[in-house]
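Dropping coords.cif in here (mmCIF, C-alpha atoms):
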```cif
data_query
loop_
_atom_site.label_atom_id
_atom_site.label_comp_id
_atom_site.auth_asym_id
_atom_site.auth_seq_id
_atom_site.Cartn_x
_atom_site.Cartn_y
_atom_site.Cartn_z
CA MET A 275 0.00 0.00 0.00
CA THR A 276 1.49 3.30 -1.03
CA ALA A 277 0.37 6.78 -0.16
CA ALA A 278 1.42 10.13 -1.54
CA ARG A 279 4.04 11.47 0.82
CA PRO A 280 3.54 14.94 2.18
CA ARG A 281 5.38 17.56 0.18
CA SER A 282 7.24 18.84 3.24
CA GLU A 283 8.77 15.39 3.78
CA GLU A 284 10.04 15.32 0.20
CA ARG A 285 11.48 18.78 0.64
CA ARG A 286 13.18 17.70 3.84
CA GLU A 287 14.81 14.75 2.09
CA ALA A 288 16.01 16.98 -0.74
CA ILE A 289 17.65 19.27 1.83
CA LEU A 290 19.37 16.32 3.53
CA ARG A 291 20.66 15.06 0.15
CA ALA A 292 22.00 18.54 -0.61
CA ALA A 293 23.65 18.70 2.82
CA PHE A 294 25.33 15.29 2.25
CA GLU A 295 26.79 16.57 -1.02
CA VAL A 296 27.97 19.89 0.38
CA ILE A 297 29.55 18.17 3.41
CA ALA A 298 31.33 15.67 1.16
CA GLU A 299 32.74 18.46 -1.00
CA ARG A 300 33.46 21.20 1.50
CA GLY A 301 33.54 19.65 4.97
CA TYR A 302 32.14 21.05 8.19
CA ARG A 303 32.95 24.73 7.71
CA GLY A 304 31.73 24.73 4.13
CA ALA A 305 28.40 23.21 5.14
CA SER A 306 26.75 26.59 5.72
CA LEU A 307 22.98 26.97 5.57
CA ALA A 308 23.48 29.24 2.57
CA ALA A 309 25.48 26.62 0.65
CA VAL A 310 22.98 23.84 1.42
CA ALA A 311 19.99 26.04 0.55
CA GLU A 312 21.55 26.97 -2.78
CA ARG A 313 22.22 23.31 -3.60
CA ALA A 314 18.66 22.35 -2.70
CA GLY A 315 17.23 25.18 -4.78
CA LEU A 316 15.73 26.98 -1.80
CA THR A 317 16.17 30.31 -0.14
CA GLN A 318 17.91 30.25 3.23
CA GLN A 319 14.57 31.30 4.72
CA GLY A 320 12.95 28.30 3.05
CA LEU A 321 15.56 25.97 4.54
CA LEU A 322 15.07 27.46 8.00
CA HIS A 323 11.42 26.46 7.75
CA HIS A 324 12.56 22.80 7.85
CA PHE A 325 15.64 23.05 10.08
CA PRO A 326 15.94 25.82 12.65
CA GLY A 327 19.73 26.15 12.33
CA LYS A 328 23.03 24.64 11.18
CA GLU A 329 23.31 22.33 14.19
CA ALA A 330 19.78 20.98 13.71
CA LEU A 331 20.50 20.32 10.04
CA LEU A 332 23.79 18.56 10.79
CA VAL A 333 22.22 16.44 13.54
CA ALA A 334 19.56 15.35 11.02
CA VAL A 335 22.34 14.48 8.55
CA LEU A 336 24.18 12.40 11.18
CA GLU A 337 20.96 10.61 12.18
CA GLU A 338 20.32 9.83 8.51
CA ARG A 339 23.92 8.58 8.11
CA ASP A 340 23.49 6.28 11.12
CA ARG A 341 20.32 4.87 9.57
CA TRP A 342 21.98 4.28 6.21
CA ASP A 343 25.19 2.85 7.61
CA THR A 344 23.38 0.32 9.72
CA GLY A 345 20.61 -0.78 7.42
CA GLY A 346 17.87 0.71 9.54
CA GLY A 347 17.30 -2.19 11.96
CA GLY A 348 17.18 -2.22 15.76
CA ALA A 349 17.03 0.64 18.25
CA SER A 350 19.81 2.56 16.54
CA GLY A 351 20.02 0.25 13.54
CA ARG A 352 23.20 -1.49 14.64
CA SER A 353 21.72 -4.68 16.06
CA GLY A 354 22.58 -7.75 14.07
CA TRP A 355 25.95 -6.22 13.20
CA ARG A 356 29.18 -8.12 13.23
CA LEU A 357 32.68 -7.03 14.16
CA ASP A 358 33.99 -7.52 10.62
CA LEU A 359 31.23 -5.32 9.18
CA LEU A 360 32.30 -2.64 11.62
CA ALA A 361 35.83 -2.85 10.18
CA THR A 362 34.36 -2.38 6.72
CA LEU A 363 32.48 0.70 7.94
CA VAL A 364 35.76 2.19 9.19
CA GLU A 365 37.28 1.60 5.74
CA TYR A 366 34.27 3.30 4.19
CA ASN A 367 34.59 6.26 6.57
CA ALA A 368 38.22 6.68 5.48
CA MET A 369 36.81 7.49 2.03
CA ARG A 370 34.46 10.23 3.24
CA PRO A 371 36.55 12.67 5.26
CA GLY A 372 33.97 15.48 4.94
CA MET A 373 31.36 13.44 6.77
CA VAL A 374 33.80 12.20 9.43
CA GLN A 375 35.02 15.77 9.93
CA THR A 376 31.43 16.98 10.38
CA PHE A 377 30.69 14.22 12.89
CA SER A 378 33.91 14.84 14.85
CA ALA A 379 33.60 18.63 14.91
CA LEU A 380 29.98 18.45 16.05
CA LEU A 381 30.81 15.85 18.73
CA GLY A 382 33.52 18.22 20.00
CA GLU A 383 31.11 21.15 20.18
CA SER A 384 28.40 19.05 21.80
CA VAL A 385 30.33 18.63 25.07
CA THR A 386 30.16 22.38 25.71
CA ASP A 387 27.35 23.67 27.89
CA SER A 388 23.82 23.74 26.44
CA HIS A 389 24.94 22.92 22.89
CA PRO A 390 21.99 22.09 20.58
CA ALA A 391 23.60 18.79 19.46
CA ARG A 392 24.22 17.55 23.01
CA ALA A 393 20.93 15.65 23.42
CA PHE A 394 21.47 13.86 20.10
CA PHE A 395 24.94 12.65 21.08
CA VAL A 396 23.90 11.57 24.60
CA ARG A 397 21.08 9.51 23.05
CA ARG A 398 23.33 8.21 20.28
CA TYR A 399 26.09 6.97 22.61
CA THR A 400 23.61 5.22 24.89
CA ALA A 401 22.32 3.35 21.83
CA VAL A 402 25.80 2.74 20.36
CA ARG A 403 27.16 1.26 23.60
CA ALA A 404 24.15 -1.08 23.84
CA ASP A 405 24.56 -2.15 20.21
CA MET A 406 28.31 -2.69 20.57
CA ALA A 407 27.71 -4.85 23.66
CA GLU A 408 25.22 -6.92 21.66
CA LEU A 409 27.70 -7.25 18.79
CA LEU A 410 30.46 -8.40 21.15
CA ARG A 411 28.08 -10.87 22.82
CA THR A 412 27.18 -12.36 19.43
CA GLU A 413 30.88 -12.69 18.69
CA PHE A 414 32.27 -13.93 21.99
CA GLY A 415 29.41 -14.85 24.33
CA GLU A 416 29.34 -13.58 27.91
CA ARG A 417 33.13 -13.14 28.20
CA LEU A 418 35.67 -11.81 25.74
CA PRO A 419 38.96 -13.74 25.53
CA CYS A 420 40.56 -11.08 27.79
CA GLY A 421 37.90 -11.74 30.45
CA LEU A 422 35.86 -8.53 30.09
CA THR A 423 32.09 -8.71 29.68
CA PRO A 424 30.54 -7.28 26.48
CA GLU A 425 29.10 -4.38 28.52
CA ARG A 426 32.54 -3.42 29.83
CA ALA A 427 34.26 -3.70 26.45
CA ALA A 428 31.55 -1.74 24.57
CA PRO A 429 32.59 1.77 25.71
CA LEU A 430 36.20 0.94 24.75
CA LEU A 431 35.22 -0.22 21.26
CA THR A 432 33.16 2.96 20.86
CA ALA A 433 35.99 5.15 22.18
CA VAL A 434 38.55 3.65 19.79
CA LEU A 435 36.32 4.36 16.79
CA ASP A 436 35.94 8.03 17.76
CA GLY A 437 39.50 8.58 18.93
CA LEU A 438 41.02 7.13 15.77
CA GLN A 439 38.91 9.48 13.66
CA TYR A 440 40.46 12.52 15.35
CA GLN A 441 44.02 11.22 14.89
CA TRP A 442 43.29 10.37 11.25
CA LEU A 443 41.61 13.69 10.43
CA LEU A 444 44.57 15.59 11.89
CA ASP A 445 47.27 13.49 10.25
CA PRO A 446 46.01 11.13 7.53
CA GLU A 447 49.57 10.42 6.34
CA SER A 448 50.60 9.03 9.73
CA VAL A 449 47.42 7.27 10.84
CA ASP A 450 45.81 4.41 8.91
CA MET A 451 42.42 4.37 10.62
CA ALA A 452 41.22 1.10 9.06
CA ALA A 453 44.46 -0.78 9.87
CA ALA A 454 44.44 0.57 13.42
CA PHE A 455 40.87 -0.58 13.93
CA ARG A 456 41.76 -4.08 12.72
CA ASP A 457 44.55 -4.01 15.33
CA PHE A 458 41.93 -3.23 17.96
CA MET A 459 39.96 -6.27 16.82
CA VAL A 460 43.12 -8.28 17.54
CA LEU A 461 43.25 -6.73 21.01
CA VAL A 462 39.72 -7.86 21.84
CA GLY A 463 40.58 -11.37 20.63
CA TRP A 464 39.12 -11.42 17.13
CA GLU A 465 42.02 -13.12 15.37
CA GLU A 466 45.76 -13.58 15.34
CA VAL A 467 48.11 -10.77 14.32
CA LYS A 468 48.97 -10.98 10.63
CA MET B 664 72.40 30.93 38.81
CA THR B 665 69.22 32.94 38.84
CA ALA B 666 68.26 35.84 36.69
CA ALA B 667 65.38 38.25 36.95
CA ARG B 668 62.73 37.00 34.59
CA PRO B 669 61.36 39.39 32.05
CA ARG B 670 58.19 41.08 33.16
CA SER B 671 56.30 39.88 30.07
CA GLU B 672 57.00 36.26 31.00
CA GLU B 673 55.56 36.81 34.47
CA ARG B 674 52.54 38.47 32.98
CA ARG B 675 52.09 35.53 30.59
CA GLU B 676 52.15 33.07 33.49
CA ALA B 677 49.63 35.12 35.43
CA ILE B 678 47.31 34.99 32.41
CA LEU B 679 47.69 31.22 32.12
CA ARG B 680 46.95 30.79 35.84
CA ALA B 681 43.84 32.94 35.44
CA ALA B 682 42.78 30.90 32.39
CA PHE B 683 43.20 27.63 34.37
CA GLU B 684 40.92 28.99 37.09
CA VAL B 685 38.28 30.31 34.72
CA ILE B 686 38.26 27.04 32.75
CA ALA B 687 37.91 25.00 35.95
CA GLU B 688 34.97 27.13 37.10
CA ARG B 689 33.15 27.88 33.87
CA GLY B 690 34.32 25.39 31.22
CA TYR B 691 35.07 26.04 27.59
CA ARG B 692 32.32 28.52 26.78
CA GLY B 693 32.92 30.51 29.94
CA ALA B 694 36.63 30.83 29.16
CA SER B 695 36.20 34.06 27.21
CA LEU B 696 39.08 36.47 26.77
CA ALA B 697 37.08 39.01 28.76
CA ALA B 698 36.65 36.64 31.73
CA VAL B 699 40.33 35.65 31.74
CA ALA B 700 41.51 39.26 31.39
CA GLU B 701 39.32 40.32 34.30
CA ARG B 702 40.69 37.50 36.48
CA ALA B 703 44.26 38.41 35.57
CA GLY B 704 43.65 42.09 36.29
CA LEU B 705 44.23 43.16 32.70
CA THR B 706 42.22 44.82 30.02
CA GLN B 707 41.20 42.58 27.12
CA GLN B 708 43.56 44.68 24.99
CA GLY B 709 46.38 43.91 27.41
CA LEU B 710 45.64 40.19 27.22
CA LEU B 711 45.62 40.30 23.41
CA HIS B 712 49.17 41.66 23.59
CA HIS B 713 50.26 38.24 24.96
CA PHE B 714 47.82 35.93 23.17
CA PRO B 715 46.34 36.91 19.82
CA GLY B 716 42.98 35.18 20.43
CA LYS B 717 40.96 32.65 22.43
CA GLU B 718 42.34 29.66 20.52
CA ALA B 719 45.96 30.76 21.05
CA LEU B 720 45.31 31.21 24.77
CA LEU B 721 43.63 27.81 25.12
CA VAL B 722 46.42 26.08 23.17
CA ALA B 723 48.93 27.63 25.57
CA VAL B 724 46.82 26.36 28.50
CA LEU B 725 46.76 22.82 27.05
CA GLU B 726 50.53 22.90 26.42
CA GLU B 727 51.07 24.00 30.01
CA ARG B 728 48.73 21.25 31.24
CA ASP B 729 50.69 18.64 29.27
CA ARG B 730 53.92 19.91 30.86
CA TRP B 731 52.46 19.80 34.37
CA ASP B 732 50.76 16.42 33.99
CA THR B 733 53.90 14.74 32.76
CA GLY B 734 56.53 16.31 34.96
CA GLY B 735 58.21 18.14 32.11
CA GLY B 736 60.57 15.38 30.88
CA GLY B 737 61.08 14.02 27.35
CA ALA B 738 59.92 15.32 23.99
CA SER B 739 56.38 15.87 25.21
CA GLY B 740 57.12 15.13 28.85
CA ARG B 741 55.61 11.65 28.82
CA SER B 742 58.77 9.56 28.50
CA GLY B 743 59.52 7.49 31.57
CA TRP B 744 55.79 7.14 32.20
CA ARG B 745 54.18 3.92 33.24
CA LEU B 746 50.78 2.47 32.39
CA ASP B 747 49.56 2.66 35.99
CA LEU B 748 50.46 6.36 36.20
CA LEU B 749 48.38 6.89 33.09
CA ALA B 750 45.42 5.31 34.89
CA THR B 751 45.98 7.75 37.76
CA LEU B 752 45.98 10.65 35.30
CA VAL B 753 42.60 9.51 33.96
CA GLU B 754 41.27 9.48 37.54
CA TYR B 755 42.65 12.99 38.01
CA ASN B 756 41.02 14.16 34.77
CA ALA B 757 37.67 12.87 36.03
CA MET B 758 37.99 15.53 38.77
CA ARG B 759 38.55 18.43 36.36
CA PRO B 760 35.69 18.39 33.84
CA GLY B 761 36.25 22.03 32.82
CA MET B 762 39.75 21.27 31.57
CA VAL B 763 38.72 18.02 29.86
CA GLN B 764 35.80 19.85 28.24
CA THR B 765 38.15 22.55 26.95
CA PHE B 766 40.56 19.97 25.55
CA SER B 767 37.79 17.95 23.89
CA ALA B 768 35.97 20.94 22.42
CA LEU B 769 39.19 22.38 21.01
CA LEU B 770 40.23 19.00 19.59
CA GLY B 771 36.85 18.82 17.86
CA GLU B 772 37.25 22.29 16.34
CA SER B 773 40.83 21.60 15.30
CA VAL B 774 39.84 19.04 12.66
CA THR B 775 38.00 21.72 10.68
CA ASP B 776 39.87 23.43 7.86
CA SER B 777 42.58 25.95 8.79
CA HIS B 778 41.69 26.02 12.48
CA PRO B 779 44.33 27.87 14.58
CA ALA B 780 44.68 24.92 17.00
CA ARG B 781 45.26 22.34 14.25
CA ALA B 782 49.07 22.57 14.19
CA PHE B 783 49.22 22.15 17.96
CA PHE B 784 47.13 18.98 17.90
CA VAL B 785 49.00 17.46 14.93
CA ARG B 786 52.29 18.02 16.79
CA ARG B 787 50.82 16.82 20.09
CA TYR B 788 49.49 13.54 18.70
CA THR B 789 52.76 12.74 16.95
CA ALA B 790 54.51 13.17 20.32
CA VAL B 791 51.81 11.35 22.30
CA ARG B 792 51.86 8.29 20.00
CA ALA B 793 55.66 8.10 20.29
CA ASP B 794 55.51 8.39 24.07
CA MET B 795 52.74 5.79 24.36
CA ALA B 796 54.78 3.38 22.25
CA GLU B 797 57.75 3.91 24.57
CA LEU B 798 55.55 3.36 27.61
CA LEU B 799 54.16 0.11 26.18
CA ARG B 800 57.69 -1.05 25.25
CA THR B 801 58.87 -0.42 28.82
CA GLU B 802 55.91 -2.43 30.08
CA PHE B 803 55.82 -5.34 27.62
CA GLY B 804 58.95 -5.31 25.47
CA GLU B 805 58.73 -5.62 21.68
CA ARG B 806 55.39 -7.48 21.69
CA LEU B 807 52.28 -6.98 23.78
CA PRO B 808 50.58 -10.18 25.06
CA CYS B 809 48.07 -9.87 22.18
CA GLY B 810 50.92 -9.88 19.66
CA LEU B 811 50.80 -6.21 18.59
CA THR B 812 53.98 -4.13 18.59
CA PRO B 813 54.10 -1.04 20.84
CA GLU B 814 53.91 1.19 17.74
CA ARG B 815 50.70 -0.47 16.56
CA ALA B 816 49.06 -0.39 19.99
CA ALA B 817 50.00 3.26 20.72
CA PRO B 818 47.33 4.91 18.48
CA LEU B 819 44.70 2.65 20.10
CA LEU B 820 45.76 3.60 23.63
CA THR B 821 45.65 7.26 22.61
CA ALA B 822 42.26 6.86 20.90
CA VAL B 823 40.70 5.20 23.95
CA LEU B 824 41.81 8.05 26.21
CA ASP B 825 40.21 10.67 23.94
CA GLY B 826 37.11 8.68 23.05
CA LEU B 827 36.27 7.91 26.68
CA GLN B 828 36.48 11.61 27.52
CA TYR B 829 33.70 12.41 25.04
CA GLN B 830 31.44 9.66 26.36
CA TRP B 831 32.10 10.75 29.94
CA LEU B 832 31.56 14.47 29.29
CA LEU B 833 28.24 13.71 27.58
CA ASP B 834 26.97 11.25 30.17
CA PRO B 835 28.99 11.18 33.40
CA GLU B 836 26.31 9.11 35.18
CA SER B 837 26.61 6.26 32.68
CA VAL B 838 30.34 6.29 31.91
CA ASP B 839 33.03 5.73 34.56
CA MET B 840 36.05 6.94 32.62
CA ALA B 841 38.66 5.73 35.11
CA ALA B 842 37.12 2.25 35.43
CA ALA B 843 36.79 1.97 31.65
CA PHE B 844 40.43 2.87 31.18
CA ARG B 845 41.48 0.21 33.68
CA ASP B 846 39.45 -2.23 31.57
CA PHE B 847 41.48 -1.17 28.55
CA MET B 848 44.66 -1.96 30.49
CA VAL B 849 43.23 -5.46 30.92
CA LEU B 850 42.67 -5.64 27.17
CA VAL B 851 46.30 -4.84 26.41
CA GLY B 852 47.38 -7.48 28.90
CA TRP B 853 48.19 -5.45 31.99
CA GLU B 854 46.51 -7.68 34.58
CA GLU B 855 43.66 -10.09 35.19
CA VAL B 856 40.09 -8.86 35.40
CA LYS B 857 39.10 -8.23 39.00
#
```
What do you get writing this file as structure tokens?
Amino acid sequence: MTAARPRSEERREAILRAAFEVIAERGYRGASLAAVAERAGLTQQGLLHHFPGKEALLVAVLEERDRWDTGGGGASGRSGWRLDLLATLVEYNAMRPGMVQTFSALLGESVTDSHPARAFFVRRYTAVRADMAELLRTEFGERLPCGLTPERAAPLLTAVLDGLQYQWLLDPESVDMAAAFRDFMVLVGWEEVK
Amino acid sequence: MTAARPRSEERREAILRAAFEVIAERGYRGASLAAVAERAGLTQQGLLHHFPGKEALLVAVLEERDRWDTGGGGASGRSGWRLDLLATLVEYNAMRPGMVQTFSALLGESVTDSHPARAFFVRRYTAVRADMAELLRTEFGERLPCGLTPERAAPLLTAVLDGLQYQWLLDPESVDMAAAFRDFMVLVGWEEVK
């Protein structure tokens, strides 16, 4: 059964597509409301009707990215994931520095007082830690080879993903994010060192 | 042999002390040039004579923090460190959220194009990775129990420290940064799970 979607929803999706493109090409600083509005064929006023500001637009972009990256299942979409798919996602991220830069810059801002993206990130990390614990449980059962429970290893897995992104964004020549993440999989007991 | 220090150096140190206090009390957003100048008993114009802007001042604060935290030895001061001292530093950081917030917010900004703090962080992470590798070598020799070399484990150790800070700043009730870091020490082979 299909129904005509409301026009405002279509418009919203067109804005998000435009924002994805602008972010990919120009990164966080280039992703101004003006640049996104122009790409979407709207006035800035028209864009503000759908998203009240740059932070709100970028949060919507990151939510949409999470949905895409994870196939849309589960609480945050990550349930049913496997550790090796996560490694593939890190490789994919290494090919889209504009998006990783936007995520990392917004995460940095969000820890300052009353930032508009704070609620999104608090919610996101609660969901990500739960999903990572589930992923580790699927892989290793109730104990990882090192003896930690999935719940205790989940914040570490999450932290490594974020921390490596900062090191890579600052110095892509020195830091191979995908290789480093595979090394972390070795640390948690995934496989032997090659 | 002692020599009278130049007055501008003393003034610079007084500004840094004032910035430390303001950051501790009010966090990143509260650490405005105006607030720091007032605390240091200067006009904002007088402060700008020593530091050309907020980013330059905060970078100087973070450099000073690195020197203090590490006792001032080695390239970045971290050589001669041990893994258990690092765990103590994480516990200490959990008592100074304003400083951790300032570090994390500035790190986030620094990955955006041509940010004034970018060069500092690139330099810092090069030094930190080298120091962490040395620390792991002192602890484990040429191979960690998991089989990784110190050089391959160093970016992971660094990433976990930064990543946990974001999770903790966003949700201090849910994330025990010091306990999570001790869990990471278990992962790299430091000790048995307790």
Each residue of chain A lying at most 6 Å from chain B should get a row with its shortest atom-to-atom pair and the distance in Å to one decimal, counting all atoms listed in the file; could you produce that, ordered by chain and increasing number, as CSV?
```
residue,atom,partner,partner_atom,distance
A:Ser378,CA,B:Gly771,CA,5.8
A:Ala379,CA,B:Gly771,CA,4.4
A:Gly382,CA,B:Gly771,CA,4.0
A:Glu383,CA,B:Ala768,CA,5.4
A:Val385,CA,B:Leu833,CA,5.9
A:Val396,CA,B:Leu833,CA,5.7
A:Cys420,CA,B:Leu850,CA,5.9
A:Ala433,CA,B:Gly826,CA,3.8
A:Val434,CA,B:Val823,CA,4.9
A:Asp436,CA,B:Gly826,CA,5.5
A:Gly437,CA,B:Ala822,CA,3.8
A:Leu438,CA,B:Ala822,CA,5.3
A:Leu444,CA,B:Val785,CA,5.7
A:Leu461,CA,B:Cys809,CA,5.9
```
inquiry  = Report, in Å to a single decimal, how far apart atom CA of Glu416 of chain A and atom CA of Asp358 of chain A are.
reply    = 18.9 Å
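Reported to one decimal place, the separation of atom CA of Trp355 of chain A from atom CA of Leu290 of chain A is 25.4 Å.
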query = What's the 12 Å shell around Leu321 of chain A, counting only C-alpha atoms, without same-chain residues fewer than 2 positions away, as JSON, numbers by chain?
reply = {"A": [282, 285, 286, 287, 288, 289, 290, 292, 293, 306, 307, 308, 309, 310, 311, 312, 313, 314, 315, 316, 317, 318, 319, 323, 324, 325, 326, 327, 328, 330, 331]}
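Picture a line from atom CA of Pro760 of chain B to atom CA of Arg787 of chain B; it runs 20.5 Å.
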task = Would you please work out which residue, of B:Ala841, B:Val685, B:Ala790, B:Met848, is nearest to Glu754 of chain B when using all atoms listed in the file?
result =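 Answer, going by the shortest atom-to-atom distance: B:Ala841.
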Edge lengths and centre in Å, axis-aligned, segment 391-396 of chain A plus 5 Å each side, as JSON:
```
{"center_x": 22.9, "center_y": 15.2, "center_z": 22.0, "size_x": 14.0, "size_y": 17.2, "size_z": 15.1}
```
Save segment 697-705 of chain B to disk from that block, all heavy atoms included, as an mmCIF file, in the first residue's frame.
```cif
data_model
loop_
_atom_site.group_PDB
_atom_site.id
_atom_site.type_symbol
_atom_site.label_atom_id
_atom_site.label_comp_id
_atom_site.auth_asym_id
_atom_site.auth_seq_id
_atom_site.Cartn_x
_atom_site.Cartn_y
_atom_site.Cartn_z
ATOM 1 N N ALA B 697 37.496 37.982 27.788
ATOM 2 C CA ALA B 697 37.078 39.005 28.756
ATOM 3 C C ALA B 697 37.162 38.461 30.183
ATOM 4 O O ALA B 697 37.688 39.129 31.084
ATOM 5 C CB ALA B 697 35.658 39.473 28.439
ATOM 6 N N ALA B 698 36.652 37.221 30.382
ATOM 7 C CA ALA B 698 36.653 36.636 31.726
ATOM 8 C C ALA B 698 38.076 36.398 32.227
ATOM 9 O O ALA B 698 38.390 36.646 33.396
ATOM 10 C CB ALA B 698 35.863 35.325 31.727
ATOM 11 N N VAL B 699 38.947 35.920 31.326
ATOM 12 C CA VAL B 699 40.327 35.645 31.736
ATOM 13 C C VAL B 699 41.073 36.952 32.014
ATOM 14 O O VAL B 699 41.807 37.064 33.007
ATOM 15 C CB VAL B 699 41.068 34.814 30.650
ATOM 16 C CG1 VAL B 699 42.539 34.659 31.000
ATOM 17 C CG2 VAL B 699 40.406 33.446 30.490
ATOM 18 N N ALA B 700 40.858 37.957 31.187
ATOM 19 C CA ALA B 700 41.506 39.258 31.390
ATOM 20 C C ALA B 700 41.108 39.843 32.747
ATOM 21 O O ALA B 700 41.954 40.300 33.514
ATOM 22 C CB ALA B 700 41.127 40.217 30.257
ATOM 23 N N GLU B 701 39.806 39.773 33.033
ATOM 24 C CA GLU B 701 39.319 40.316 34.302
ATOM 25 C C GLU B 701 39.996 39.613 35.485
ATOM 26 O O GLU B 701 40.469 40.250 36.426
ATOM 27 C CB GLU B 701 37.799 40.149 34.375
ATOM 28 C CG GLU B 701 37.185 40.950 35.504
ATOM 29 C CD GLU B 701 35.738 40.568 35.766
ATOM 30 O OE1 GLU B 701 35.131 39.906 34.890
ATOM 31 O OE2 GLU B 701 35.239 40.890 36.850
ATOM 32 N N ARG B 702 40.077 38.270 35.403
ATOM 33 C CA ARG B 702 40.692 37.501 36.483
ATOM 34 C C ARG B 702 42.166 37.842 36.654
ATOM 35 O O ARG B 702 42.701 37.855 37.759
ATOM 36 C CB ARG B 702 40.517 36.000 36.200
ATOM 37 C CG ARG B 702 41.097 35.050 37.230
ATOM 38 C CD ARG B 702 40.278 35.028 38.505
ATOM 39 N NE ARG B 702 38.870 34.719 38.268
ATOM 40 C CZ ARG B 702 38.292 33.544 38.546
ATOM 41 N NH1 ARG B 702 38.994 32.586 39.091
ATOM 42 N NH2 ARG B 702 37.020 33.349 38.304
ATOM 43 N N ALA B 703 42.823 38.118 35.528
ATOM 44 C CA ALA B 703 44.260 38.410 35.572
ATOM 45 C C ALA B 703 44.538 39.881 35.876
ATOM 46 O O ALA B 703 45.693 40.295 35.976
ATOM 47 C CB ALA B 703 44.908 38.010 34.254
ATOM 48 N N GLY B 704 43.477 40.681 36.003
ATOM 49 C CA GLY B 704 43.650 42.093 36.291
ATOM 50 C C GLY B 704 44.193 42.894 35.121
ATOM 51 O O GLY B 704 44.970 43.835 35.287
ATOM 52 N N LEU B 705 43.782 42.480 33.925
ATOM 53 C CA LEU B 705 44.228 43.165 32.705
ATOM 54 C C LEU B 705 43.021 43.635 31.922
ATOM 55 O O LEU B 705 41.919 43.128 32.110
ATOM 56 C CB LEU B 705 44.983 42.173 31.804
ATOM 57 C CG LEU B 705 46.357 41.674 32.211
ATOM 58 C CD1 LEU B 705 46.752 40.529 31.289
ATOM 59 C CD2 LEU B 705 47.370 42.804 32.112
#
```
